[in-house]
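**Q** So that we are looking at the same thing, I have put the structure below in structure tokens.
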Amino acid sequence: MLVLLPPSETKIDGGDGPPLRLDALRHPELGPLRSALVDEVVALSADVPAARAALGLSPKQDAEIARNAALRGSPTTPALLRYTGVLYDALDVRSLRGTAAARARERLAVGSALFGLVRADDPIPAYRLSAGSALPGRGTLAAAWRPLLEPVLRAIADGELVVDLRSGSYAALARVPGAVDVDVLAERSDGTRTVISHFNKAHKGRLARLLAGTRAEPADAGAVAALARRAGMRVERPAPAVLHVVVPA
């Protein structure tokens with residue numbers, strides 16, 4: 001099973017790994033586009049106003065641009081320890097031990113606008129690039145990634161169950177045939193429901209933690225739902241490959 005996570009805008013600085021080596025990342029077939037995008041992001045950082053516009057940043061976030069300028073020389077850390085925020089706080093991968101930690105390192109991966117797909121232990125630097133960013137002279141990042149990334153994800157999905165927890169903009173970088181798609185819905189007292197945005201990350205993080213550490217090997221969405229229900233989550237399956245996690249509004 002592979003659990004595909006969204007990245008986070010916020011990332012921990014520093015690290016104790018060597019500078020970025022793209023050939024050290026898994027899925028080397030993504031290497032040429034990774035290298036091109038890193039070069040473009042570094043070059044963009046030389047023009048701070050242009051970088052703000054392309055990345056959707058304010059002057060108060062110029063440190064993010066400086067961080068991008070140093071991409072190739074910055075220290076690295078494993079991808080799962082690089083990302084921070086609500087989902088990663090709920091996932092709390094640092095607290096996993098023993099076989100649960102080993103399963104998490106093998107089962108968890110992150111969709112990335114800069115690297116396409118990174119596995120848990122892939123050493124990466126801190127960076128700022130979102131799926132909706134518009135790099136000068138390039139079309140959308142989805143158009144760039146889709147032809148390369150979709151075959152990689154398709155090959156993974158041919159061999160194991162993929163549970164896709166990515167947000168919409170990152171899911172658009174590459175679709176995964178047969179993946180289990182998960183949405184979080186808030187249910188009001190009158191029974192009406194809405195898709196929640198910010199707080200859905202915490203619920204997806206809890207589900208990711210459950211799936212990362214379980215001894216079970218679910219084969220389909222029904223088995224994923226059963227695991228989640230046993231853990232106390234309210235989960236519905238409105239379609240064969242779709243799960244809704246329902247929480248109080």
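Quick note on naming: the chains in the structure tokens go A, B, ... in the order shown, residues restart at 1 in each chain, and ligands are numbered from 1 in order of appearance.
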Report as a PyMOL selection string all protein, DNA and RNA residues lying within 12 Å of Pro28 in chain A, evaluated on only C-alpha atoms, omitting residues in the same chain fewer than 4 positions from it.

**A** chain A and resi 21-24+32-35+115-119+122+148-149+152

**Q** Restricting the output to C-alpha atoms, write the selected residues as a CSV table (one decimal), in the first residue's frame.

**A**
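This is the output file selection-v4.csv:
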```csv
chain,number,residue,atom,x,y,z
A,21,ARG,CA,21.5,15.3,-5.1
A,22,LEU,CA,18.7,14.6,-7.4
A,23,ASP,CA,20.2,11.2,-8.3
A,24,ALA,CA,19.7,10.2,-4.6
A,32,PRO,CA,15.3,15.7,-15.9
A,33,LEU,CA,12.2,17.7,-14.9
A,34,ARG,CA,13.2,17.9,-11.3
A,35,SER,CA,16.6,19.4,-12.4
A,115,PHE,CA,10.1,17.0,-7.2
A,116,GLY,CA,6.9,15.3,-8.5
A,117,LEU,CA,6.9,12.4,-6.0
A,118,VAL,CA,9.2,12.0,-3.0
A,119,ARG,CA,9.4,8.9,-0.8
A,122,ASP,CA,14.2,11.0,0.1
A,148,LEU,CA,6.1,12.0,-16.6
A,149,LEU,CA,4.4,11.5,-13.3
A,152,VAL,CA,5.1,6.4,-12.5
```

**Q** Within 12 Å of range 142-144 of chain A, counting only C-alpha atoms, which residues show up once you throw out same-chain ones fewer than 2 positions away? Write them as a PDB file with N, CA and C atoms, in the first residue's frame, please.

**A**
```pdb
ATOM      1  N   LEU A  30      12.051  10.839 -13.130  1.00  0.00           N
ATOM      2  CA  LEU A  30      11.573  12.207 -12.928  1.00  0.00           C
ATOM      3  C   LEU A  30      12.725  13.210 -12.871  1.00  0.00           C
ATOM      4  N   PRO A  32      15.091  14.575 -14.953  1.00  0.00           N
ATOM      5  CA  PRO A  32      15.273  15.722 -15.852  1.00  0.00           C
ATOM      6  C   PRO A  32      14.355  16.893 -15.541  1.00  0.00           C
ATOM      7  N   LEU A  33      13.079  16.622 -15.263  1.00  0.00           N
ATOM      8  CA  LEU A  33      12.171  17.726 -14.941  1.00  0.00           C
ATOM      9  C   LEU A  33      12.473  18.284 -13.558  1.00  0.00           C
ATOM     10  N   ARG A  34      12.819  17.440 -12.615  1.00  0.00           N
ATOM     11  CA  ARG A  34      13.232  17.938 -11.302  1.00  0.00           C
ATOM     12  C   ARG A  34      14.383  18.933 -11.447  1.00  0.00           C
ATOM     13  N   ALA A  36      15.350  20.639 -14.103  1.00  0.00           N
ATOM     14  CA  ALA A  36      14.947  21.853 -14.811  1.00  0.00           C
ATOM     15  C   ALA A  36      14.183  22.791 -13.887  1.00  0.00           C
ATOM     16  N   LEU A  37      13.277  22.245 -13.075  1.00  0.00           N
ATOM     17  CA  LEU A  37      12.490  23.089 -12.181  1.00  0.00           C
ATOM     18  C   LEU A  37      13.353  23.692 -11.078  1.00  0.00           C
ATOM     19  N   GLY A 111       3.318  14.063  -2.782  1.00  0.00           N
ATOM     20  CA  GLY A 111       3.267  14.715  -4.079  1.00  0.00           C
ATOM     21  C   GLY A 111       3.873  16.105  -3.956  1.00  0.00           C
ATOM     22  N   SER A 112       4.787  16.446  -4.852  1.00  0.00           N
ATOM     23  CA  SER A 112       5.526  17.707  -4.739  1.00  0.00           C
ATOM     24  C   SER A 112       5.519  18.445  -6.065  1.00  0.00           C
ATOM     25  N   ALA A 113       5.302  19.758  -6.002  1.00  0.00           N
ATOM     26  CA  ALA A 113       5.353  20.561  -7.221  1.00  0.00           C
ATOM     27  C   ALA A 113       6.768  20.654  -7.773  1.00  0.00           C
ATOM     28  N   LEU A 114       7.774  20.549  -6.912  1.00  0.00           N
ATOM     29  CA  LEU A 114       9.168  20.671  -7.351  1.00  0.00           C
ATOM     30  C   LEU A 114       9.774  19.336  -7.736  1.00  0.00           C
ATOM     31  N   PHE A 115       9.457  18.276  -6.989  1.00  0.00           N
ATOM     32  CA  PHE A 115      10.098  16.978  -7.207  1.00  0.00           C
ATOM     33  C   PHE A 115       9.158  15.919  -7.770  1.00  0.00           C
ATOM     34  N   GLY A 116       7.897  16.233  -7.935  1.00  0.00           N
ATOM     35  CA  GLY A 116       6.939  15.295  -8.501  1.00  0.00           C
ATOM     36  C   GLY A 116       6.418  14.311  -7.484  1.00  0.00           C
ATOM     37  N   SER A 130       4.515  25.877  -5.099  1.00  0.00           N
ATOM     38  CA  SER A 130       3.201  25.265  -4.964  1.00  0.00           C
ATOM     39  C   SER A 130       2.712  24.762  -6.311  1.00  0.00           C
ATOM     40  N   ALA A 131       1.733  23.869  -6.274  1.00  0.00           N
ATOM     41  CA  ALA A 131       1.187  23.313  -7.513  1.00  0.00           C
ATOM     42  C   ALA A 131       0.605  24.401  -8.408  1.00  0.00           C
ATOM     43  N   GLY A 132       0.121  25.493  -7.812  1.00  0.00           N
ATOM     44  CA  GLY A 132      -0.464  26.575  -8.594  1.00  0.00           C
ATOM     45  C   GLY A 132       0.507  27.670  -8.969  1.00  0.00           C
ATOM     46  N   SER A 133       1.779  27.517  -8.617  1.00  0.00           N
ATOM     47  CA  SER A 133       2.766  28.540  -8.970  1.00  0.00           C
ATOM     48  C   SER A 133       2.946  28.625 -10.478  1.00  0.00           C
ATOM     49  N   ALA A 134       3.291  29.821 -10.947  1.00  0.00           N
ATOM     50  CA  ALA A 134       3.462  30.053 -12.386  1.00  0.00           C
ATOM     51  C   ALA A 134       4.893  30.511 -12.649  1.00  0.00           C
ATOM     52  N   LEU A 135       5.750  29.582 -13.045  1.00  0.00           N
ATOM     53  CA  LEU A 135       7.134  29.932 -13.326  1.00  0.00           C
ATOM     54  C   LEU A 135       7.230  30.631 -14.677  1.00  0.00           C
ATOM     55  N   ARG A 138       7.093  29.098 -18.515  1.00  0.00           N
ATOM     56  CA  ARG A 138       6.599  27.724 -18.454  1.00  0.00           C
ATOM     57  C   ARG A 138       5.086  27.739 -18.294  1.00  0.00           C
ATOM     58  N   GLY A 139       4.442  26.735 -18.842  1.00  0.00           N
ATOM     59  CA  GLY A 139       2.997  26.599 -18.639  1.00  0.00           C
ATOM     60  C   GLY A 139       2.720  26.137 -17.226  1.00  0.00           C
ATOM     61  N   THR A 140       1.573  25.552 -17.027  1.00  0.00           N
ATOM     62  CA  THR A 140       1.237  25.107 -15.678  1.00  0.00           C
ATOM     63  C   THR A 140       2.136  23.948 -15.260  1.00  0.00           C
ATOM     64  N   ARG A 146       2.347  16.012 -15.620  1.00  0.00           N
ATOM     65  CA  ARG A 146       1.433  14.913 -15.938  1.00  0.00           C
ATOM     66  C   ARG A 146       2.034  13.841 -16.858  1.00  0.00           C
ATOM     67  N   PRO A 147       2.703  14.204 -17.967  1.00  0.00           N
ATOM     68  CA  PRO A 147       3.221  13.154 -18.855  1.00  0.00           C
ATOM     69  C   PRO A 147       4.286  12.270 -18.216  1.00  0.00           C
ATOM     70  N   LEU A 148       5.030  12.798 -17.249  1.00  0.00           N
ATOM     71  CA  LEU A 148       6.084  12.025 -16.593  1.00  0.00           C
ATOM     72  C   LEU A 148       5.602  11.320 -15.337  1.00  0.00           C
ATOM     73  N   LEU A 149       4.789  12.002 -14.559  1.00  0.00           N
ATOM     74  CA  LEU A 149       4.399  11.497 -13.253  1.00  0.00           C
ATOM     75  C   LEU A 149       3.284  10.464 -13.335  1.00  0.00           C
ATOM     76  N   GLU A 150       2.362  10.620 -14.266  1.00  0.00           N
ATOM     77  CA  GLU A 150       1.259   9.664 -14.338  1.00  0.00           C
ATOM     78  C   GLU A 150       1.742   8.243 -14.633  1.00  0.00           C
ATOM     79  N   GLY A 168      -6.732  19.022  -4.155  1.00  0.00           N
ATOM     80  CA  GLY A 168      -7.085  19.076  -5.573  1.00  0.00           C
ATOM     81  C   GLY A 168      -5.975  19.531  -6.490  1.00  0.00           C
ATOM     82  N   SER A 169      -5.251  20.591  -6.121  1.00  0.00           N
ATOM     83  CA  SER A 169      -4.225  21.118  -7.011  1.00  0.00           C
ATOM     84  C   SER A 169      -3.069  20.143  -7.185  1.00  0.00           C
ATOM     85  N   TYR A 170      -2.770  19.371  -6.144  1.00  0.00           N
ATOM     86  CA  TYR A 170      -1.689  18.385  -6.252  1.00  0.00           C
ATOM     87  C   TYR A 170      -2.161  17.113  -6.946  1.00  0.00           C
ATOM     88  N   ALA A 171      -3.416  16.749  -6.735  1.00  0.00           N
ATOM     89  CA  ALA A 171      -3.966  15.617  -7.476  1.00  0.00           C
ATOM     90  C   ALA A 171      -3.965  15.900  -8.969  1.00  0.00           C
ATOM     91  N   ALA A 172      -4.100  17.186  -9.343  1.00  0.00           N
ATOM     92  CA  ALA A 172      -4.118  17.554 -10.767  1.00  0.00           C
ATOM     93  C   ALA A 172      -2.756  17.392 -11.423  1.00  0.00           C
ATOM     94  N   LEU A 173      -1.684  17.294 -10.632  1.00  0.00           N
ATOM     95  CA  LEU A 173      -0.352  17.090 -11.220  1.00  0.00           C
ATOM     96  C   LEU A 173      -0.258  15.738 -11.910  1.00  0.00           C
ATOM     97  N   ALA A 174      -1.016  14.764 -11.413  1.00  0.00           N
ATOM     98  CA  ALA A 174      -1.034  13.431 -12.022  1.00  0.00           C
ATOM     99  C   ALA A 174      -2.140  12.618 -11.369  1.00  0.00           C
ATOM    100  N   ARG A 175      -2.967  12.032 -12.183  1.00  0.00           N
ATOM    101  CA  ARG A 175      -4.038  11.184 -11.664  1.00  0.00           C
ATOM    102  C   ARG A 175      -3.505   9.776 -11.437  1.00  0.00           C
TER     103      ARG A 175
END
```

**Q** For Arg230 in chain A, which residue out of A:Leu5, A:Val242, A:Leu81, A:Leu210 is the nearest one, using only C-alpha atoms?

**A**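 Of all the options, A:Leu210 lies closest to Arg230 in chain A.
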
**Q** Name all residues at most 12 Å from Glu106 in chain A (count only C-alpha atoms; drop same-chain ones fewer than 4 positions away) and give them as a PyMOL selection string.

**A** chain A and resi 1-4+26+80+99-102+110+118-122+211-213

**Q** Could you name the residues that touch Arg67 in chain A at 12 Å or less, counting only C-alpha atoms, but leaving out those on the same chain fewer than 6 positions away, as a PyMOL selection string?

**A** chain A and resi 11-14+41-42+44-46+48+51+61+73-75+125-129

**Q** Determine which residues of range 19-123 of chain A DSSP labels as strand (DSSP E or B) from the backbone of this structure, then write them out as a list in words.

**A** Thr76, Thr77, Pro78, Tyr83, Leu108, Ala109, Val110, Gly111, Ser112, Gly116, Leu117, Val118, Arg119 and Pro123 of chain A

**Q** Could you save those same residues with N, CA, C and O atoms as a compact mmCIF listing (two decimals), in the first residue's frame?

**A**
```
# COMPACT_ATOMS: atom_id res chain seq x y z
N THR A 76 19.96 18.87 3.50
CA THR A 76 18.74 18.10 3.26
C THR A 76 18.34 17.35 4.52
O THR A 76 19.13 17.18 5.46
N THR A 77 17.09 16.89 4.51
CA THR A 77 16.58 16.02 5.56
C THR A 77 15.53 15.12 4.92
O THR A 77 15.00 15.46 3.85
N PRO A 78 15.22 13.96 5.47
CA PRO A 78 14.21 13.09 4.86
C PRO A 78 12.88 13.83 4.67
O PRO A 78 12.46 14.61 5.52
N TYR A 83 8.42 18.38 5.94
CA TYR A 83 7.12 19.06 5.89
C TYR A 83 6.53 19.22 7.29
O TYR A 83 6.69 18.35 8.15
N LEU A 108 4.58 5.71 2.94
CA LEU A 108 4.21 7.12 2.78
C LEU A 108 5.04 7.79 1.70
O LEU A 108 6.25 7.60 1.61
N ALA A 109 4.37 8.59 0.89
CA ALA A 109 5.02 9.38 -0.15
C ALA A 109 4.31 10.72 -0.24
O ALA A 109 3.17 10.87 0.21
N VAL A 110 4.99 11.70 -0.81
CA VAL A 110 4.45 13.06 -0.88
C VAL A 110 4.45 13.53 -2.33
O VAL A 110 5.46 13.41 -3.03
N GLY A 111 3.32 14.06 -2.78
CA GLY A 111 3.27 14.71 -4.08
C GLY A 111 3.87 16.11 -3.96
O GLY A 111 3.52 16.85 -3.04
N SER A 112 4.79 16.45 -4.85
CA SER A 112 5.53 17.71 -4.74
C SER A 112 5.52 18.45 -6.07
O SER A 112 5.73 17.84 -7.12
N GLY A 116 7.90 16.23 -7.93
CA GLY A 116 6.94 15.29 -8.50
C GLY A 116 6.42 14.31 -7.48
O GLY A 116 5.25 14.32 -7.12
N LEU A 117 7.29 13.45 -7.03
CA LEU A 117 6.95 12.44 -6.02
C LEU A 117 8.19 12.20 -5.19
O LEU A 117 9.27 11.94 -5.74
N VAL A 118 8.07 12.31 -3.87
CA VAL A 118 9.19 11.99 -3.00
C VAL A 118 8.74 10.93 -2.01
O VAL A 118 7.62 10.96 -1.50
N ARG A 119 9.62 9.97 -1.78
CA ARG A 119 9.37 8.94 -0.78
C ARG A 119 9.81 9.44 0.59
O ARG A 119 10.53 10.43 0.71
N PRO A 123 16.07 12.53 0.63
CA PRO A 123 16.64 13.72 1.25
C PRO A 123 16.40 14.97 0.41
O PRO A 123 16.87 15.07 -0.74
```

**Q** Just how far from CA of Met233 in chain A is CA of Val246 in chain A, in Å to one decimal?

**A**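 For CA of Val246 in chain A relative to CA of Met233 in chain A, the distance reads 7.9 Å.
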
**Q** Go through A:Leu20, A:Val235, A:Ala50, A:Leu165 and flag the residue nearest Ala202 in chain A, using only C-alpha atoms for the distances.

**A**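 Between A:Leu20, A:Val235, A:Ala50, A:Leu165, the residue approaching Ala202 in chain A most closely is A:Leu165.
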
**Q** Using only C-alpha atoms, determine which residues lie at most 7 Å from Leu91 in chain A, disregarding the query and same-chain residues fewer than 4 positions distant; provide the list as a PDB file with N, CA and C atoms, in the first residue's frame.

**A**
```
ATOM      1  N   LEU A  87      -1.536  18.598   8.909  1.00  0.00           N
ATOM      2  CA  LEU A  87      -1.557  17.181   8.534  1.00  0.00           C
ATOM      3  C   LEU A  87      -0.363  16.451   9.141  1.00  0.00           C
ATOM      4  N   GLY A 205      -4.374  13.441   8.266  1.00  0.00           N
ATOM      5  CA  GLY A 205      -3.149  13.064   8.956  1.00  0.00           C
ATOM      6  C   GLY A 205      -3.361  11.875   9.877  1.00  0.00           C
ATOM      7  N   ARG A 206      -4.497  11.857  10.585  1.00  0.00           N
ATOM      8  CA  ARG A 206      -4.793  10.723  11.474  1.00  0.00           C
ATOM      9  C   ARG A 206      -5.005   9.444  10.672  1.00  0.00           C
ATOM     10  N   ALA A 208      -3.700   8.830   7.717  1.00  0.00           N
ATOM     11  CA  ALA A 208      -2.382   8.454   7.196  1.00  0.00           C
ATOM     12  C   ALA A 208      -1.568   7.727   8.257  1.00  0.00           C
ATOM     13  N   ARG A 209      -1.622   8.205   9.487  1.00  0.00           N
ATOM     14  CA  ARG A 209      -0.889   7.552  10.570  1.00  0.00           C
ATOM     15  C   ARG A 209      -1.396   6.126  10.787  1.00  0.00           C
TER      16      ARG A 209
END
```
